[in-house]
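Asker: This is coords.cif, which holds mmCIF, C-alpha atoms:
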data_target
#
loop_
_atom_site.label_atom_id
_atom_site.label_comp_id
_atom_site.auth_asym_id
_atom_site.auth_seq_id
_atom_site.Cartn_x
_atom_site.Cartn_y
_atom_site.Cartn_z
CA MET C 1 81.12 117.06 68.74
CA LYS C 2 79.85 120.03 70.77
CA ALA C 3 80.87 118.24 73.95
CA LEU C 4 84.40 117.72 72.56
CA TRP C 5 84.71 121.42 71.64
CA ALA C 6 83.39 122.45 75.04
CA SER C 7 85.89 120.20 76.78
CA ALA C 8 88.77 121.56 74.69
CA LEU C 9 87.69 125.16 75.37
CA LEU C 10 87.49 124.46 79.12
CA SER C 11 90.99 122.92 79.11
CA ILE C 12 92.44 125.94 77.31
CA THR C 13 90.70 128.33 79.70
CA LEU C 14 91.97 126.49 82.77
CA ALA C 15 95.50 126.32 81.35
CA ALA C 16 95.45 130.07 80.76
CA CYS C 17 94.27 130.69 84.34
CA GLY C 18 96.78 128.27 85.84
CA PRO C 19 99.44 130.85 86.73
CA LEU C 20 96.78 132.97 88.44
CA LEU C 21 95.72 130.19 90.81
CA PRO C 22 97.40 130.38 94.24
CA ARG C 23 100.14 127.82 94.80
CA SER C 24 100.40 125.80 97.97
CA PRO C 25 103.26 127.14 100.08
CA THR C 26 106.33 124.91 100.29
CA PRO C 27 106.92 123.58 103.82
CA GLU C 28 109.99 124.89 105.64
CA LEU C 29 112.58 122.20 106.38
CA HIS C 30 114.22 122.05 109.81
CA ASP C 31 117.05 120.08 111.35
CA LEU C 32 118.63 120.14 114.81
CA GLY C 33 121.40 122.59 113.88
CA SER C 34 125.07 121.87 113.37
CA GLN C 35 126.63 123.38 116.50
CA ARG C 36 127.14 120.50 118.93
CA ALA C 37 129.69 120.50 121.72
CA ALA C 38 131.80 117.33 121.66
CA ARG C 39 132.09 115.50 124.97
CA PRO C 40 135.34 113.50 125.28
CA LEU C 41 134.82 110.00 126.69
CA ALA C 42 137.27 107.48 128.11
CA ARG C 43 135.90 104.78 125.80
CA VAL C 44 133.59 105.64 122.96
CA PRO C 45 130.78 103.24 122.02
CA VAL C 46 129.89 102.76 118.42
CA LEU C 47 126.50 104.36 117.88
CA THR C 48 124.90 101.68 115.75
CA ASP C 49 121.22 102.38 115.91
CA VAL C 50 118.62 104.99 116.75
CA ARG C 51 115.18 103.45 116.52
CA ALA C 52 111.79 105.11 116.57
CA PRO C 53 108.16 103.97 116.51
CA ASN C 54 106.20 104.08 113.26
CA TRP C 55 104.61 107.44 113.98
CA LEU C 56 108.09 109.04 114.06
CA ASP C 57 109.24 107.42 110.80
CA GLY C 58 108.28 110.37 108.61
CA THR C 59 109.38 114.00 108.51
CA ALA C 60 106.32 115.52 110.21
CA ILE C 61 106.98 117.81 113.17
CA HIS C 62 104.53 116.58 115.79
CA TYR C 63 102.79 118.51 118.52
CA ARG C 64 100.04 117.84 121.05
CA LEU C 65 97.47 120.27 122.46
CA ALA C 66 97.42 118.60 125.89
CA TYR C 67 94.88 121.12 127.19
CA GLU C 68 92.41 119.74 124.62
CA SER C 69 93.40 116.08 124.37
CA GLU C 70 96.14 113.92 125.88
CA THR C 71 95.85 111.37 123.07
CA ARG C 72 95.60 113.37 119.84
CA ARG C 73 98.77 113.96 117.83
CA ARG C 74 98.96 116.74 115.27
CA SER C 75 101.62 117.87 112.83
CA TYR C 76 102.52 121.27 111.43
CA ALA C 77 101.33 121.77 107.86
CA LEU C 78 104.04 124.21 106.78
CA SER C 79 107.06 122.84 108.66
CA ARG C 80 108.85 119.51 108.25
CA TRP C 81 111.99 117.81 109.49
CA ALA C 82 114.74 117.50 106.88
CA ALA C 83 114.92 113.78 107.80
CA PRO C 84 113.09 111.49 110.24
CA PRO C 85 113.84 112.32 113.91
CA ALA C 86 115.81 109.08 114.42
CA GLU C 87 118.26 110.09 111.67
CA LEU C 88 118.61 113.63 113.00
CA LEU C 89 119.22 112.33 116.52
CA SER C 90 121.79 109.82 115.27
CA VAL C 91 123.83 112.57 113.56
CA ALA C 92 123.59 114.87 116.59
CA LEU C 93 124.69 112.18 119.06
CA ARG C 94 127.62 111.16 116.87
CA ARG C 95 128.81 114.77 116.89
CA MET C 96 128.54 114.96 120.67
CA LEU C 97 129.83 111.54 121.71
CA ASP C 98 132.44 110.74 119.08
CA SER C 99 136.09 111.08 120.04
CA PRO C 100 139.43 110.32 118.36
CA GLY C 101 140.31 107.78 121.08
CA ALA C 102 140.41 104.03 120.59
CA PRO C 103 136.95 102.76 119.74
CA SER C 104 135.11 100.64 122.25
CA THR C 105 133.60 97.29 121.47
CA CYS C 106 130.39 98.55 123.05
CA ARG C 107 127.46 99.45 120.86
CA LEU C 108 124.98 102.15 121.75
CA VAL C 109 121.31 101.68 120.86
CA VAL C 110 118.82 104.52 121.39
CA GLU C 111 115.11 103.73 121.22
CA LEU C 112 112.91 106.82 120.99
CA ASP C 113 109.46 106.71 122.54
CA GLU C 114 108.59 110.37 122.03
CA PHE C 115 109.92 113.40 120.14
CA ILE C 116 107.20 116.05 120.27
CA GLN C 117 106.20 119.61 121.22
CA VAL C 118 103.53 119.58 123.94
CA PHE C 119 101.23 122.55 124.62
CA GLU C 120 99.90 122.66 128.18
CA GLN C 121 98.26 126.03 127.37
CA PRO C 122 97.72 127.78 124.01
CA GLN C 123 100.83 129.94 124.47
CA ALA C 124 102.92 127.60 126.65
CA SER C 125 104.73 124.60 125.19
CA ALA C 126 107.74 122.39 125.82
CA ALA C 127 109.71 119.80 123.89
CA LEU C 128 109.47 116.22 125.16
CA ILE C 129 112.08 113.60 124.27
CA SER C 130 111.84 110.19 125.92
CA GLY C 131 113.05 106.65 125.39
CA VAL C 132 115.70 104.12 126.40
CA VAL C 133 119.46 103.96 125.80
CA THR C 134 121.11 100.54 125.90
CA LEU C 135 124.80 99.68 125.98
CA VAL C 136 125.21 96.38 124.14
CA GLY C 137 128.16 94.01 123.93
CA ALA C 138 130.07 93.21 120.76
CA ASN C 139 127.91 90.15 120.11
CA GLY C 140 124.82 92.39 119.86
CA ARG C 141 122.98 90.39 122.53
CA THR C 142 124.66 91.10 125.88
CA ILE C 143 123.00 94.05 127.61
CA VAL C 144 125.73 95.81 129.56
CA ASP C 145 123.60 98.63 130.95
CA ARG C 146 120.36 100.41 130.22
CA MET C 147 119.06 103.90 131.01
CA ARG C 148 115.57 105.37 130.62
CA PHE C 149 115.35 109.06 129.80
CA SER C 150 112.62 111.68 129.67
CA LEU C 151 113.63 115.26 129.01
CA THR C 152 111.52 118.39 128.70
CA GLU C 153 112.77 121.71 127.40
CA LYS C 154 110.58 124.80 127.56
CA ALA C 155 109.87 126.48 124.21
CA THR C 156 110.08 130.25 123.88
CA GLY C 157 107.05 130.47 121.58
CA ALA C 158 103.97 128.66 120.35
CA ASP C 159 104.99 127.70 116.81
CA ALA C 160 107.07 125.17 114.89
CA PRO C 161 110.41 127.08 114.97
CA SER C 162 110.12 127.45 118.76
CA GLY C 163 109.37 123.74 119.09
CA VAL C 164 112.30 122.81 116.85
CA ALA C 165 114.66 125.01 118.89
CA ALA C 166 113.42 123.43 122.14
CA LEU C 167 113.84 119.91 120.70
CA SER C 168 117.38 120.83 119.62
CA ARG C 169 118.23 121.97 123.16
CA GLY C 170 116.64 118.76 124.46
CA VAL C 171 118.92 116.71 122.20
CA ASP C 172 121.95 118.57 123.58
CA ALA C 173 120.79 117.77 127.12
CA LEU C 174 120.31 114.12 126.13
CA GLY C 175 123.86 113.98 124.77
CA VAL C 176 125.22 115.28 128.08
CA ARG C 177 123.12 112.77 130.04
CA ILE C 178 124.30 109.86 127.87
CA ALA C 179 127.93 111.00 128.20
CA ASP C 180 127.64 111.14 132.01
CA TRP C 181 126.01 107.69 132.02
CA LEU C 182 128.77 106.23 129.83
CA ASP C 183 131.47 107.80 132.02
CA ARG C 184 129.84 106.19 135.05
CA ALA C 185 129.66 102.81 133.27
CA GLU C 186 133.36 103.11 132.44
CA ALA C 187 134.25 104.05 136.03
CA GLU C 188 132.34 101.02 137.31
CA GLY C 189 134.13 98.74 134.87
CA LEU C 190 130.96 97.82 132.98
CA SER C 191 132.55 98.51 129.60
CA ARG C 192 134.76 95.43 130.04
CA ARG C 193 131.61 93.36 129.54
CA CYS C 194 131.29 94.79 126.03
CA GLU C 195 133.72 92.23 124.67
CA SER C 196 131.55 89.30 125.73
#
Transcribe the structure of this file into structure tokens.
Answerer:
Amino acid sequence: MKALWASALLSITLAACGPLLPRSPTPELHDLGSQRAARPLARVPVLTDVRAPNWLDGTAIHYRLAYESETRRRSYALSRWAAPPAELLSVALRRMLDSPGAPSTCRLVVELDEFIQVFEQPQASAALISGVVTLVGANGRTIVDRMRFSLTEKATGADAPSGVAALSRGVDALGVRIADWLDRAEAEGLSRRCES
């Protein structure tokens, strides 16, 4: 009986102290921003898929202290993406590459390999975005063209907001590179193969 009373007294005491205990801070949520310059294209592919490896499936904002280890990934404790990077990239690329023109039968598939802030020194970092873009025919199997990309964008600081801003600028640069690549594919007549 004494043990029961002691347990009840402890529960009441802890409940009374609850508001005094420090709460864990809520992580800040980040996205890539909403200001994206549209790039008109002669023929616009349908952006069907942005894929990412398992380690980019969640909302963690990743960084690497390359001066300590080239293989260790870390994530910020108090900053998170509002959605997984593949979803954020998909929305951003649609804003940049979409156009009111007649839709193409081509499909655009982006496969991310990396989406991370890399520190070469404690106070020097850059965003790294790399992967492959594939232009696919209407049947989903014909590969019309493929382009590898690896972009780095210097960050202005050594924290999560600086990394997010650098990644956002990197996404803008990727949109421009994809648009140039698609324009070249159109000029070379490759888009006609989309219907096969």
Asker: If you count only C-alpha atoms, which residues fall within 8 Å of Ala124 in chain C, apart from same-chain ones fewer than 6 positions away, as a list in words?
Answerer: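 Those residues are Ala155, Gly157 and Ala158 of chain C.
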Asker: Any chance you could resolve the PyMOL selection byres ((chain C and resi 190) around 12) against this file and give the residues as a list in words?
Answerer: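 For this structure, the PyMOL selection byres ((chain C and resi 190) around 12) captures Arg43, Ser104, Thr105, Cys106, Leu135, Val136, Gly137, Thr142, Ile143, Val144, Asp145, Arg146, Trp181, Leu182, Asp183, Arg184, Ala185, Glu186, Ala187, Glu188, Gly189, Ser191, Arg192, Arg193, Cys194, Glu195 and Ser196 of chain C.
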Asker: For Val50 in chain C, which residue out of C:Leu108, C:Leu29, C:Ala66, C:Ala138 is the nearest one, using all atoms listed in the file?
Answerer: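 Nearest candidate to Val50 in chain C out of C:Leu108, C:Leu29, C:Ala66, C:Ala138: C:Leu108.
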Asker: Can you find the residues with an atom no farther than 9 Å from (96.6, 118.1, 128.0), counting all atoms listed in the file, and report them as a PDB file with C-alpha atoms, in the coordinates of the input?
Answerer:
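The new file selection-v9.pdb reads:
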ATOM      1  CA  ARG C  64     100.040 117.840 121.050  1.00  0.00           C
ATOM      2  CA  LEU C  65      97.470 120.270 122.460  1.00  0.00           C
ATOM      3  CA  ALA C  66      97.420 118.600 125.890  1.00  0.00           C
ATOM      4  CA  TYR C  67      94.880 121.120 127.190  1.00  0.00           C
ATOM      5  CA  GLU C  68      92.410 119.740 124.620  1.00  0.00           C
ATOM      6  CA  SER C  69      93.400 116.080 124.370  1.00  0.00           C
ATOM      7  CA  GLU C  70      96.140 113.920 125.880  1.00  0.00           C
ATOM      8  CA  THR C  71      95.850 111.370 123.070  1.00  0.00           C
ATOM      9  CA  VAL C 118     103.530 119.580 123.940  1.00  0.00           C
ATOM     10  CA  PHE C 119     101.230 122.550 124.620  1.00  0.00           C
ATOM     11  CA  GLU C 120      99.900 122.660 128.180  1.00  0.00           C
ATOM     12  CA  GLN C 121      98.260 126.030 127.370  1.00  0.00           C
TER      13      GLN C 121
END
Asker: Quick one: pull the distance between CA of Pro25 in chain C and CA of Ser79 in chain C, Å, one decimal.
Answerer: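 Going from CA of Pro25 in chain C over to CA of Ser79 in chain C covers 10.3 Å.
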Asker: Which residue is closest to Asn54 in chain C? Choose from C:Thr26, C:Glu114, C:Ser168, C:Gly175 and count all atoms listed in the file.
Answerer: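 Under the stated criterion, the closest residue is C:Glu114.
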Asker: Neighbouring residues of Arg177 in chain C were defined as those with any atom within 12 Å, considering all atoms listed in the file; residues of the same chain fewer than 2 positions away were excluded. Please report them as a CSV table (one decimal) with C-alpha atoms, in the frame of the given file.
Answerer:
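Resulting contents of out_26.csv:
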chain,number,residue,atom,x,y,z
C,39,ARG,CA,132.1,115.5,125.0
C,93,LEU,CA,124.7,112.2,119.1
C,96,MET,CA,128.5,115.0,120.7
C,97,LEU,CA,129.8,111.5,121.7
C,132,VAL,CA,115.7,104.1,126.4
C,133,VAL,CA,119.5,104.0,125.8
C,147,MET,CA,119.1,103.9,131.0
C,148,ARG,CA,115.6,105.4,130.6
C,149,PHE,CA,115.4,109.1,129.8
C,150,SER,CA,112.6,111.7,129.7
C,151,LEU,CA,113.6,115.3,129.0
C,170,GLY,CA,116.6,118.8,124.5
C,171,VAL,CA,118.9,116.7,122.2
C,172,ASP,CA,122.0,118.6,123.6
C,173,ALA,CA,120.8,117.8,127.1
C,174,LEU,CA,120.3,114.1,126.1
C,175,GLY,CA,123.9,114.0,124.8
C,179,ALA,CA,127.9,111.0,128.2
C,180,ASP,CA,127.6,111.1,132.0
C,181,TRP,CA,126.0,107.7,132.0
C,182,LEU,CA,128.8,106.2,129.8
C,183,ASP,CA,131.5,107.8,132.0
C,184,ARG,CA,129.8,106.2,135.0
